[in-house]
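**Student:** Supplied in structure tokens, the structure appears directly below.
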Amino acid sequence: ADILESAIGSIKINKSLIRFKPAILILPDHDSPGFFIKKRKECTTVLISHHNPMRFINEPLWGNPSEKDARLALKIENSALKKVDKVICPSLYMADIFRKTYLFNGPISVIPNVVDEKLISSILLKDVRKYLGLPEDSVLIYIPSAGSIFKGSSYVFEIVRRLAAYAHKKIGFYLSGDINEELKRELCFLPDDARVYMPGHLSFQENISVVKGCSFGVSPTLIESFGMAILEANLCGLPVISFDVGGNAEVIHNGENGFLVSPNDVQQLFK
């Protein structure tokens, strides 16, 4: 369905490319726009492989999506790769998954996602402790994309509940991003000492300003191509604890900027 939705825009852009005559064409793998975009002579076509639908198969924790659908998307992307000269992956993990998934004989490079350190350093800290009714010295924990099933939303309530119980005093949590209805219902049963800030979707600058006021991060993500939220948190001075999945090990170095624990082992998150 995602590929079909991208088809109209991808087909239309062919006329613009004729006029523009690019020397380099950079394509994402998500939605396979390269399937509908014609190969141009004297133009190097580069694919950024950051999605890969086969990563989402046989994982019941997020609903076990259709393997038939994923394999159809794979077939379309393999066809699009015939027009690609080079592939760039954001992590060694994604490069390995790409090689195992697709038929491609060209060069594959790893270039980590970029982050604007100057922009992050220029953003002023926003402390939400007063808004949550917390003392100034209270611990405030950042949980990125807390409402996303792929980022571990099913673990968020238990993480908040247990950490609040261990704290024995008022403690705050910043849950970024949109929060699904199921998690909202679960959070209604938290103890009074757990104060949760969940403003919904924020701009990049607004999100970073709140992250800067946090003490550390916990990311129960189930799948990760690179770990951009973790890297941004590190640049804000926050160590992050997360599962050892996907490209997380390429961002988190145990004992230096955070800790990695075994996938889905929530108990280890609290040790």
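Going by the structure tokens order, chains are called A, B, ..., each with residues numbered from 1, while ligands are numbered from 1 in the order shown.
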Determine, counting only C-alpha atoms, which protein, DNA and RNA residues have an atom within 10 Å of an atom of range 200-206 of chain A; residues of the same chain fewer than 6 positions away are not included. Present the result as a PDB file with all heavy atoms, in the first residue's frame.

**Tutor:**
ATOM      1  N   LEU A 119      23.319  23.021  16.123  1.00  0.00           N
ATOM      2  CA  LEU A 119      21.903  23.322  16.350  1.00  0.00           C
ATOM      3  C   LEU A 119      21.470  22.810  17.718  1.00  0.00           C
ATOM      4  O   LEU A 119      20.801  23.521  18.479  1.00  0.00           O
ATOM      5  CB  LEU A 119      21.049  22.679  15.252  1.00  0.00           C
ATOM      6  CG  LEU A 119      19.526  22.779  15.446  1.00  0.00           C
ATOM      7  CD1 LEU A 119      19.085  24.234  15.506  1.00  0.00           C
ATOM      8  CD2 LEU A 119      18.796  22.046  14.330  1.00  0.00           C
ATOM      9  N   ILE A 120      21.859  21.570  18.042  1.00  0.00           N
ATOM     10  CA  ILE A 120      21.470  20.998  19.335  1.00  0.00           C
ATOM     11  C   ILE A 120      22.053  21.813  20.487  1.00  0.00           C
ATOM     12  O   ILE A 120      21.382  22.110  21.476  1.00  0.00           O
ATOM     13  CB  ILE A 120      21.914  19.524  19.424  1.00  0.00           C
ATOM     14  CG1 ILE A 120      21.044  18.663  18.496  1.00  0.00           C
ATOM     15  CG2 ILE A 120      21.832  19.001  20.858  1.00  0.00           C
ATOM     16  CD1 ILE A 120      21.381  17.202  18.473  1.00  0.00           C
ATOM     17  N   SER A 122      22.681  24.906  20.524  1.00  0.00           N
ATOM     18  CA  SER A 122      22.079  26.246  20.582  1.00  0.00           C
ATOM     19  C   SER A 122      20.675  26.235  21.198  1.00  0.00           C
ATOM     20  O   SER A 122      20.147  27.290  21.550  1.00  0.00           O
ATOM     21  CB  SER A 122      21.994  26.845  19.173  1.00  0.00           C
ATOM     22  OG  SER A 122      21.007  26.167  18.404  1.00  0.00           O
ATOM     23  N   ILE A 123      20.074  25.080  21.350  1.00  0.00           N
ATOM     24  CA  ILE A 123      18.696  24.991  21.859  1.00  0.00           C
ATOM     25  C   ILE A 123      18.705  25.108  23.380  1.00  0.00           C
ATOM     26  O   ILE A 123      19.459  24.420  24.064  1.00  0.00           O
ATOM     27  CB  ILE A 123      18.031  23.666  21.420  1.00  0.00           C
ATOM     28  CG1 ILE A 123      17.924  23.622  19.886  1.00  0.00           C
ATOM     29  CG2 ILE A 123      16.661  23.494  22.049  1.00  0.00           C
ATOM     30  CD1 ILE A 123      17.469  22.288  19.329  1.00  0.00           C
ATOM     31  N   LEU A 124      17.877  25.990  23.899  1.00  0.00           N
ATOM     32  CA  LEU A 124      17.821  26.225  25.335  1.00  0.00           C
ATOM     33  C   LEU A 124      17.058  25.110  26.046  1.00  0.00           C
ATOM     34  O   LEU A 124      16.073  24.580  25.539  1.00  0.00           O
ATOM     35  CB  LEU A 124      17.148  27.566  25.628  1.00  0.00           C
ATOM     36  CG  LEU A 124      17.856  28.811  25.071  1.00  0.00           C
ATOM     37  CD1 LEU A 124      17.047  30.059  25.371  1.00  0.00           C
ATOM     38  CD2 LEU A 124      19.265  28.924  25.657  1.00  0.00           C
ATOM     39  N   LEU A 125      17.526  24.777  27.233  1.00  0.00           N
ATOM     40  CA  LEU A 125      16.916  23.724  28.049  1.00  0.00           C
ATOM     41  C   LEU A 125      15.550  24.175  28.570  1.00  0.00           C
ATOM     42  O   LEU A 125      15.381  25.322  28.994  1.00  0.00           O
ATOM     43  CB  LEU A 125      17.854  23.400  29.212  1.00  0.00           C
ATOM     44  CG  LEU A 125      17.464  22.327  30.224  1.00  0.00           C
ATOM     45  CD1 LEU A 125      18.733  21.741  30.843  1.00  0.00           C
ATOM     46  CD2 LEU A 125      16.573  22.869  31.324  1.00  0.00           C
ATOM     47  N   LYS A 126      14.593  23.248  28.530  1.00  0.00           N
ATOM     48  CA  LYS A 126      13.272  23.498  29.111  1.00  0.00           C
ATOM     49  C   LYS A 126      13.044  22.465  30.211  1.00  0.00           C
ATOM     50  O   LYS A 126      12.922  21.270  29.936  1.00  0.00           O
ATOM     51  CB  LYS A 126      12.176  23.391  28.049  1.00  0.00           C
ATOM     52  CG  LYS A 126      10.765  23.581  28.612  1.00  0.00           C
ATOM     53  CD  LYS A 126       9.710  23.438  27.530  1.00  0.00           C
ATOM     54  CE  LYS A 126       8.310  23.593  28.110  1.00  0.00           C
ATOM     55  NZ  LYS A 126       7.258  23.436  27.061  1.00  0.00           N
ATOM     56  N   SER A 145       9.754   8.270  21.546  1.00  0.00           N
ATOM     57  CA  SER A 145       8.715   7.630  20.716  1.00  0.00           C
ATOM     58  C   SER A 145       7.933   6.594  21.511  1.00  0.00           C
ATOM     59  O   SER A 145       7.709   5.471  21.055  1.00  0.00           O
ATOM     60  CB  SER A 145       9.348   6.981  19.477  1.00  0.00           C
ATOM     61  OG  SER A 145      10.057   7.915  18.710  1.00  0.00           O
ATOM     62  N   ALA A 146       7.492   6.994  22.692  1.00  0.00           N
ATOM     63  CA  ALA A 146       6.899   6.053  23.644  1.00  0.00           C
ATOM     64  C   ALA A 146       5.611   5.399  23.139  1.00  0.00           C
ATOM     65  O   ALA A 146       5.252   4.315  23.594  1.00  0.00           O
ATOM     66  CB  ALA A 146       6.627   6.765  24.969  1.00  0.00           C
ATOM     67  N   GLY A 147       4.921   6.045  22.207  1.00  0.00           N
ATOM     68  CA  GLY A 147       3.658   5.490  21.728  1.00  0.00           C
ATOM     69  C   GLY A 147       3.786   4.583  20.527  1.00  0.00           C
ATOM     70  O   GLY A 147       2.781   4.042  20.036  1.00  0.00           O
ATOM     71  N   LEU A 175       7.579  11.313  27.941  1.00  0.00           N
ATOM     72  CA  LEU A 175       7.255  10.366  26.878  1.00  0.00           C
ATOM     73  C   LEU A 175       7.062  11.167  25.600  1.00  0.00           C
ATOM     74  O   LEU A 175       6.082  11.897  25.455  1.00  0.00           O
ATOM     75  CB  LEU A 175       5.971   9.584  27.203  1.00  0.00           C
ATOM     76  CG  LEU A 175       5.890   8.926  28.589  1.00  0.00           C
ATOM     77  CD1 LEU A 175       4.629   8.063  28.670  1.00  0.00           C
ATOM     78  CD2 LEU A 175       7.127   8.114  28.888  1.00  0.00           C
ATOM     79  N   SER A 176       8.013  11.051  24.675  1.00  0.00           N
ATOM     80  CA  SER A 176       7.946  11.866  23.461  1.00  0.00           C
ATOM     81  C   SER A 176       7.058  11.224  22.406  1.00  0.00           C
ATOM     82  O   SER A 176       6.800  10.014  22.424  1.00  0.00           O
ATOM     83  CB  SER A 176       9.352  12.094  22.900  1.00  0.00           C
ATOM     84  OG  SER A 176       9.836  10.919  22.279  1.00  0.00           O
ATOM     85  N   GLY A 177       6.601  12.052  21.472  1.00  0.00           N
ATOM     86  CA  GLY A 177       5.799  11.564  20.350  1.00  0.00           C
ATOM     87  C   GLY A 177       4.341  11.344  20.712  1.00  0.00           C
ATOM     88  O   GLY A 177       3.916  11.544  21.855  1.00  0.00           O
ATOM     89  N   ASP A 178       3.574  10.933  19.721  1.00  0.00           N
ATOM     90  CA  ASP A 178       2.154  10.655  19.929  1.00  0.00           C
ATOM     91  C   ASP A 178       1.998   9.381  20.748  1.00  0.00           C
ATOM     92  O   ASP A 178       2.701   8.392  20.527  1.00  0.00           O
ATOM     93  CB  ASP A 178       1.433  10.505  18.585  1.00  0.00           C
ATOM     94  CG  ASP A 178       1.421  11.814  17.795  1.00  0.00           C
ATOM     95  OD1 ASP A 178       1.318  12.870  18.438  1.00  0.00           O
ATOM     96  OD2 ASP A 178       1.521  11.759  16.561  1.00  0.00           O
ATOM     97  N   ILE A 179       1.046   9.378  21.668  1.00  0.00           N
ATOM     98  CA  ILE A 179       0.820   8.249  22.561  1.00  0.00           C
ATOM     99  C   ILE A 179      -0.461   7.528  22.137  1.00  0.00           C
ATOM    100  O   ILE A 179      -1.508   8.159  21.987  1.00  0.00           O
ATOM    101  CB  ILE A 179       0.691   8.706  24.030  1.00  0.00           C
ATOM    102  CG1 ILE A 179       1.898   9.573  24.423  1.00  0.00           C
ATOM    103  CG2 ILE A 179       0.546   7.518  24.955  1.00  0.00           C
ATOM    104  CD1 ILE A 179       3.238   8.878  24.317  1.00  0.00           C
TER     105      ILE A 179
END

**Student:** Got a sec: who's within 9 Å of Pro135 in chain A, counting only C-alpha atoms, leaving out chain neighbours fewer than 5 positions off, as a list in words?

**Tutor:**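 So, after excluding close chain neighbours, the residues are Arg129, Lys130 and Lys170 of chain A.
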
**Student:** Could you take the residues named above and write them with N, CA and C atoms, as a PDB file, in the first residue's frame?

**Tutor:**
ATOM      1  N   ARG A 129       9.965  20.025  35.233  1.00  0.00           N
ATOM      2  CA  ARG A 129       9.722  19.529  36.599  1.00  0.00           C
ATOM      3  C   ARG A 129       8.676  20.373  37.330  1.00  0.00           C
ATOM      4  N   LYS A 130       8.775  21.701  37.186  1.00  0.00           N
ATOM      5  CA  LYS A 130       7.813  22.573  37.865  1.00  0.00           C
ATOM      6  C   LYS A 130       6.412  22.322  37.332  1.00  0.00           C
ATOM      7  N   LYS A 170       8.827  11.171  44.454  1.00  0.00           N
ATOM      8  CA  LYS A 170       8.287  11.663  43.187  1.00  0.00           C
ATOM      9  C   LYS A 170       9.351  11.582  42.089  1.00  0.00           C
TER      10      LYS A 170
END

**Student:** For Ile24 in chain A, work out the shell of residues within 10 Å, counting only C-alpha atoms and skipping chain neighbours fewer than 4 positions away, then give it as a VMD selection string.

**Tutor:** chain A and resid 40 42 to 46

**Student:** Quick one: of A:Ile88, A:Ile18, A:Leu132, A:Ile223, who's nearest to Ile57 in chain A, counting only C-alpha atoms?

**Tutor:**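 Nearest candidate to Ile57 in chain A out of A:Ile88, A:Ile18, A:Leu132, A:Ile223: A:Ile223.
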
**Student:** Hey, what does DSSP flag as strand (DSSP E) within range 25-159 of chain A? Can you give it to me as a list of chain:residue names?

**Tutor:**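 Here are the strand (DSSP E) residues of range 25-159 of chain A: A:Leu25, A:Ile26, A:Leu27, A:Pro28, A:Thr44, A:Thr45, A:Val46, A:Leu47, A:Ile48, A:Lys86, A:Val87, A:Ile88, A:Cys89, A:Ile108, A:Ser109, A:Val110, A:Leu140, A:Ile141, A:Tyr142, A:Ile143.
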
**Student:** Mind writing the picked residues with N, CA, C and O atoms as a compact mmCIF listing (two decimals), in the first residue's frame?

**Tutor:**
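Below is the file selection15.txt, written as the result:
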# COMPACT_ATOMS: atom_id res chain seq x y z
N LEU A 25 21.23 11.31 -8.23
CA LEU A 25 19.85 11.14 -7.79
C LEU A 25 19.88 10.25 -6.54
O LEU A 25 20.37 9.12 -6.57
N ILE A 26 19.37 10.78 -5.43
CA ILE A 26 19.36 10.03 -4.16
C ILE A 26 17.94 9.59 -3.85
O ILE A 26 17.03 10.42 -3.78
N LEU A 27 17.77 8.29 -3.64
CA LEU A 27 16.43 7.72 -3.42
C LEU A 27 16.37 7.01 -2.07
O LEU A 27 17.33 6.37 -1.66
N PRO A 28 15.21 7.09 -1.39
CA PRO A 28 15.01 6.26 -0.20
C PRO A 28 14.49 4.89 -0.62
O PRO A 28 13.92 4.75 -1.71
N THR A 44 24.29 9.43 -11.57
CA THR A 44 24.56 8.37 -10.59
C THR A 44 23.37 8.26 -9.63
O THR A 44 23.01 9.24 -8.98
N THR A 45 22.77 7.08 -9.59
CA THR A 45 21.62 6.87 -8.71
C THR A 45 22.06 6.16 -7.45
O THR A 45 22.67 5.08 -7.50
N VAL A 46 21.77 6.78 -6.30
CA VAL A 46 22.17 6.26 -5.00
C VAL A 46 20.92 5.92 -4.19
O VAL A 46 20.01 6.74 -4.06
N LEU A 47 20.89 4.73 -3.63
CA LEU A 47 19.77 4.31 -2.78
C LEU A 47 20.20 4.37 -1.31
O LEU A 47 21.25 3.86 -0.95
N ILE A 48 19.38 5.00 -0.48
CA ILE A 48 19.60 5.00 0.96
C ILE A 48 18.73 3.89 1.55
O ILE A 48 17.51 3.98 1.54
N LYS A 86 24.80 2.81 -6.58
CA LYS A 86 25.44 2.65 -5.28
C LYS A 86 24.37 2.62 -4.18
O LYS A 86 23.30 3.20 -4.34
N VAL A 87 24.71 1.96 -3.07
CA VAL A 87 23.79 1.89 -1.92
C VAL A 87 24.51 2.43 -0.69
O VAL A 87 25.69 2.14 -0.47
N ILE A 88 23.80 3.21 0.10
CA ILE A 88 24.32 3.71 1.37
C ILE A 88 23.39 3.24 2.48
O ILE A 88 22.17 3.38 2.39
N CYS A 89 23.97 2.69 3.54
CA CYS A 89 23.21 2.25 4.71
C CYS A 89 23.63 3.08 5.92
O CYS A 89 24.79 3.47 6.02
N ILE A 108 28.39 -1.01 -1.65
CA ILE A 108 27.52 -0.71 -0.51
C ILE A 108 28.37 -0.01 0.56
O ILE A 108 29.38 -0.58 1.01
N SER A 109 28.00 1.20 0.91
CA SER A 109 28.76 1.96 1.91
C SER A 109 27.92 2.19 3.15
O SER A 109 26.70 2.19 3.10
N VAL A 110 28.61 2.40 4.27
CA VAL A 110 27.93 2.74 5.52
C VAL A 110 28.27 4.18 5.88
O VAL A 110 29.43 4.52 6.07
N LEU A 140 14.26 12.91 36.12
CA LEU A 140 13.33 13.00 34.99
C LEU A 140 13.87 12.10 33.87
O LEU A 140 14.98 12.30 33.40
N ILE A 141 13.09 11.11 33.48
CA ILE A 141 13.55 10.07 32.55
C ILE A 141 12.90 10.26 31.18
O ILE A 141 11.68 10.41 31.07
N TYR A 142 13.72 10.21 30.16
CA TYR A 142 13.27 10.38 28.77
C TYR A 142 13.02 9.02 28.13
O TYR A 142 13.90 8.16 28.12
N ILE A 143 11.80 8.82 27.60
CA ILE A 143 11.48 7.60 26.84
C ILE A 143 11.07 8.04 25.43
O ILE A 143 9.97 8.57 25.24

**Student:** CA of Leu190 in chain A and CA of Ile171 in chain A are how many Å apart?

**Tutor:**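 The value is 11.6 Å.
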